[in-house]
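Student: I have a structure I would like to understand better, so I am pasting it below and will then ask my questions one at a time.
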Amino acid sequence: MTDIAALKARNAQRWHDMHMRASRIPQFKSTAARLCETANKARYQGVTDHLTAFGYPGVPWWFTAIVSEREYGGPPHWDKQLGQGDPLHEVSHNEPKGRGPFLDHPGDVTPGYDAWTRCALDALVDCAPHAAKWPDWTVGGVMTLFEEYNGLGYAARGTASPYVWSGTDQYISGKFIRDHVFDPKRADVQFGCAGILAMMMAIDPTIQFAEAA
């Protein structure tokens, strides 16, 4: 079983030691700028606002934005599920399986309580790692929640998760190419959560971690 406290400390240190690879900086920058665009931010903020109204005040808009980027592998797709990137209007077949379909309702507005928002609330509240109930939004806590969102298989192997660290000097290679199948030589080419977040923080100074107790 993974020692979560130790993983938080290790991920906090990785964040402080992290440098983005020079060749990836332009892509990190453009991705961060896209997620921070006013219209996109409003949709992610709508999820935060609904979570707060339902008694889950912790999840910031940028967490949802970055998870959507990793799960969708590209620009915002309001027709895909936040949990795993499967089609919004179908029952999901990837983990978490059996979610949805999430359908448009009469009177849905954007941003607001529309099908994509309902899907995001389902993923964050009812699906592991239950991000809406996560209590630790310090740097170590955030990086570890990102990692838990993708699974702790990398932590169990003592290696940095590409879901979090790809594109930075904290990750070189090693990737689960499918469920439970790990290839130590395969490198993840997507942009990791940490680098995206660092660039978003440079664009939007309101994005901050909680202070450690």
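Chain labels follow the order of the structure tokens: the first chain is A, the next B, and so on; residue numbering restarts at 1 in every chain, and ligands are counted from 1 in their shown order.
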Counting only C-alpha atoms, which residues in region 148-209 of chain A sit no more than 7 Å from region 6-19 of chain A? For each one, give the nearest pair of atoms and the distance in Å, sorted by chain then residue number, as CSV.

Tutor:
residue,atom,partner,partner_atom,distance
A:Thr168,CA,A:His19,CA,5.6
A:Asp169,CA,A:His19,CA,5.7
A:Gln170,CA,A:Met18,CA,6.2

Student: May I have the residues from that selection written out with C-alpha atoms, as a PDB file, in the first residue's frame?

Tutor:
ATOM      1  CA  THR A 168       9.647  18.151 -16.987  1.00  0.00           C
ATOM      2  CA  ASP A 169      13.014  16.961 -15.723  1.00  0.00           C
ATOM      3  CA  GLN A 170      11.249  14.954 -13.007  1.00  0.00           C
TER       4      GLN A 170
END

Student: Find the residues around Asp188 (chain A) up to 9 Å (only C-alpha atoms counted), leave out those fewer than 2 positions away in its own chain, and share them as number ranges by chain.

Tutor: A: 162-163, 166-167, 172-175, 186, 190-192

Student: Give me a file of those residues, with N, CA and C atoms, as a short mmCIF file (atom, residue, chain, number, x, y, z; two decimals), in the first residue's frame.

Tutor:
data_model
loop_
_atom_site.label_atom_id
_atom_site.label_comp_id
_atom_site.auth_asym_id
_atom_site.auth_seq_id
_atom_site.Cartn_x
_atom_site.Cartn_y
_atom_site.Cartn_z
N PRO A 162 4.05 10.05 -15.06
CA PRO A 162 4.04 10.94 -16.22
C PRO A 162 2.76 11.77 -16.30
N TYR A 163 1.68 11.27 -15.74
CA TYR A 163 0.44 12.04 -15.71
C TYR A 163 0.68 13.40 -15.06
N SER A 166 5.26 14.52 -16.82
CA SER A 166 5.74 14.46 -18.21
C SER A 166 6.01 15.86 -18.74
N GLY A 167 7.11 15.99 -19.47
CA GLY A 167 7.51 17.28 -20.01
C GLY A 167 8.42 18.06 -19.10
N ILE A 172 11.43 10.81 -16.98
CA ILE A 172 12.19 10.42 -18.18
C ILE A 172 11.40 9.41 -19.00
N SER A 173 11.06 8.28 -18.40
CA SER A 173 10.34 7.25 -19.15
C SER A 173 9.65 6.31 -18.18
N GLY A 174 8.88 5.39 -18.75
CA GLY A 174 8.07 4.45 -17.99
C GLY A 174 6.61 4.82 -18.14
N LYS A 175 5.81 3.88 -18.66
CA LYS A 175 4.41 4.20 -18.91
C LYS A 175 3.58 2.92 -18.88
N ARG A 186 8.92 3.02 -22.47
CA ARG A 186 7.97 3.90 -23.16
C ARG A 186 7.87 5.23 -22.42
N GLN A 190 2.30 13.21 -23.61
CA GLN A 190 1.36 14.27 -23.22
C GLN A 190 2.02 15.23 -22.24
N PHE A 191 1.38 16.36 -22.03
CA PHE A 191 1.90 17.34 -21.10
C PHE A 191 1.43 17.00 -19.69
N GLY A 192 2.34 16.94 -18.74
CA GLY A 192 2.00 16.59 -17.38
C GLY A 192 1.29 17.72 -16.65
#

Student: Report as an MDAnalysis selection string all protein, DNA and RNA residues lying within 10 Å of Ala202 (chain A), evaluated on only C-alpha atoms, omitting residues in the same chain fewer than 4 positions from it.

Tutor: chainID A and resid 29 32:33 197:198 206:207

Student: Given the choices A:Gln208, A:Thr64, A:Gln81, A:Thr117, which gets closest to Gly98 (chain A) if the distance is worked out from only C-alpha atoms?

Tutor: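 Checking each of A:Gln208, A:Thr64, A:Gln81, A:Thr117 against Gly98 (chain A), counting only C-alpha atoms, the winner is A:Gln81.
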
Student: Find the residue from A:Leu51, A:Ala65, A:Cys127, A:Val59 that sits nearest to Lys97 (chain A); use only C-alpha atoms when measuring.

Tutor: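 Closest to Lys97 (chain A), using only C-alpha atoms: A:Cys127.
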
Student: Which one is closest to Gly100 (chain A): A:Pro75, A:Gly112, A:Gly83, A:Pro60? Count only C-alpha atoms.

Tutor: A:Gly83

Student: Can you list every residue in region 151-195 of chain A that DSSP puts in strand (DSSP E), as number ranges by chain?

Tutor: A: 175-178, 181-183

Student: Kindly save the residues from that selection, with N, CA and C atoms included, as a PDB file, in the first residue's frame.

Tutor:
ATOM      1  N   LYS A 175       5.811   3.883 -18.662  1.00  0.00           N
ATOM      2  CA  LYS A 175       4.405   4.198 -18.909  1.00  0.00           C
ATOM      3  C   LYS A 175       3.578   2.920 -18.884  1.00  0.00           C
ATOM      4  N   PHE A 176       2.415   2.999 -18.248  1.00  0.00           N
ATOM      5  CA  PHE A 176       1.440   1.924 -18.362  1.00  0.00           C
ATOM      6  C   PHE A 176       0.774   2.059 -19.727  1.00  0.00           C
ATOM      7  N   ILE A 177       1.040   1.118 -20.620  1.00  0.00           N
ATOM      8  CA  ILE A 177       0.522   1.215 -21.976  1.00  0.00           C
ATOM      9  C   ILE A 177      -0.912   0.710 -22.070  1.00  0.00           C
ATOM     10  N   ARG A 178      -1.341  -0.048 -21.077  1.00  0.00           N
ATOM     11  CA  ARG A 178      -2.737  -0.412 -20.874  1.00  0.00           C
ATOM     12  C   ARG A 178      -2.862  -0.871 -19.426  1.00  0.00           C
ATOM     13  N   VAL A 181      -0.217  -3.084 -17.438  1.00  0.00           N
ATOM     14  CA  VAL A 181       0.922  -3.437 -18.288  1.00  0.00           C
ATOM     15  C   VAL A 181       1.860  -2.243 -18.359  1.00  0.00           C
ATOM     16  N   PHE A 182       3.043  -2.390 -17.757  1.00  0.00           N
ATOM     17  CA  PHE A 182       3.998  -1.292 -17.630  1.00  0.00           C
ATOM     18  C   PHE A 182       5.174  -1.524 -18.557  1.00  0.00           C
ATOM     19  N   ASP A 183       5.528  -0.507 -19.340  1.00  0.00           N
ATOM     20  CA  ASP A 183       6.685  -0.549 -20.225  1.00  0.00           C
ATOM     21  C   ASP A 183       7.702   0.473 -19.725  1.00  0.00           C
TER      22      ASP A 183
END

Student: If you run DSSP over the backbone, which residues in region 72-187 of chain A end up alpha helix (DSSP H)? Put them as a PyMOL selection string.

Tutor: chain A and resi 72+115-126+139-150+153-156+162-165

Student: For Gly153 (chain A), which of A:His93, A:Asp179, A:Thr48, A:Leu103 is the closest residue, counting only C-alpha atoms?

Tutor: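 With only C-alpha atoms as the atom set, the closest residue is A:Asp179.
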
Student: I need the residue nearest Lys133 (chain A) from this list: A:Gly73, A:Asn150, A:Gly55, A:Pro87. Use only C-alpha atoms for the distance.

Tutor: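 Closest to Lys133 (chain A), using only C-alpha atoms: A:Gly55.
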
Student: Can you tell me which residues surround Asp126 (chain A) at a distance of at most 12 Å, considering only C-alpha atoms, apart from same-chain residues fewer than 5 positions away, and format the answer as a list in words?

Tutor: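 In the requested form, the answer reads Leu51, Tyr56, Gly83, Pro96, Arg99, Arg118, Cys119, Ala120, Leu121, Ala131, Ala132 and Lys133 of chain A.
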
Student: Taking N, CA and C atoms for each residue, export the selection above as an mmCIF file, in the first residue's frame.

Tutor:
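Output file out.cif follows:
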data_model
loop_
_atom_site.group_PDB
_atom_site.id
_atom_site.type_symbol
_atom_site.label_atom_id
_atom_site.label_comp_id
_atom_site.auth_asym_id
_atom_site.auth_seq_id
_atom_site.Cartn_x
_atom_site.Cartn_y
_atom_site.Cartn_z
ATOM 1 N N LEU A 51 -20.131 22.583 -6.878
ATOM 2 C CA LEU A 51 -19.593 21.790 -5.776
ATOM 3 C C LEU A 51 -19.731 22.528 -4.454
ATOM 4 N N TYR A 56 -19.239 20.953 -1.095
ATOM 5 C CA TYR A 56 -17.868 20.519 -1.392
ATOM 6 C C TYR A 56 -17.080 21.733 -1.879
ATOM 7 N N GLY A 83 -14.207 11.875 -16.273
ATOM 8 C CA GLY A 83 -13.611 10.751 -15.572
ATOM 9 C C GLY A 83 -12.594 9.982 -16.369
ATOM 10 N N PRO A 96 -13.345 5.287 -14.803
ATOM 11 C CA PRO A 96 -14.415 4.528 -14.165
ATOM 12 C C PRO A 96 -15.505 4.127 -15.164
ATOM 13 N N ARG A 99 -20.353 4.993 -16.119
ATOM 14 C CA ARG A 99 -20.841 6.336 -15.799
ATOM 15 C C ARG A 99 -21.604 6.877 -17.006
ATOM 16 N N ARG A 118 -22.799 18.240 -15.091
ATOM 17 C CA ARG A 118 -23.276 17.092 -14.330
ATOM 18 C C ARG A 118 -22.263 15.948 -14.370
ATOM 19 N N CYS A 119 -21.660 15.749 -15.526
ATOM 20 C CA CYS A 119 -20.642 14.715 -15.661
ATOM 21 C C CYS A 119 -19.439 15.013 -14.771
ATOM 22 N N ALA A 120 -18.984 16.267 -14.767
ATOM 23 C CA ALA A 120 -17.834 16.639 -13.950
ATOM 24 C C ALA A 120 -18.127 16.457 -12.467
ATOM 25 N N LEU A 121 -19.316 16.827 -12.034
ATOM 26 C CA LEU A 121 -19.690 16.636 -10.633
ATOM 27 C C LEU A 121 -19.688 15.161 -10.268
ATOM 28 N N ALA A 131 -12.221 13.583 -5.651
ATOM 29 C CA ALA A 131 -11.486 14.838 -5.509
ATOM 30 C C ALA A 131 -12.266 15.892 -4.736
ATOM 31 N N ALA A 132 -13.613 15.869 -4.847
ATOM 32 C CA ALA A 132 -14.419 16.866 -4.136
ATOM 33 C C ALA A 132 -14.282 16.749 -2.625
ATOM 34 N N LYS A 133 -13.856 15.587 -2.148
ATOM 35 C CA LYS A 133 -13.708 15.361 -0.712
ATOM 36 C C LYS A 133 -12.249 15.443 -0.262
#

Student: Any idea what's packed within 12 Å of Pro106 (chain A), counting only C-alpha atoms, ignoring anything in its chain fewer than 6 positions away? Could you give it as a list in words?

Tutor: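 Everything that qualifies: Tyr113, Asp114 and Ala115 of chain A.
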
Student: What is the CA of Val47 (chain A)-CA of Gln84 (chain A) distance in Å, reported with one decimal?

Tutor: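 Interatomic distance, CA of Val47 (chain A) to CA of Gln84 (chain A): 16.9 Å.
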
Student: Restricting the calculation to only C-alpha atoms, which member of A:Thr110, A:Thr144, A:Thr138, A:Thr159 is positioned closest to Ala39 (chain A)?

Tutor: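 Result for the nearest residue to Ala39 (chain A): A:Thr110.
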
Student: To one decimal place, how far is CA of Met200 (chain A) from CA of Ala22 (chain A) in Å?

Tutor: 16.8 Å
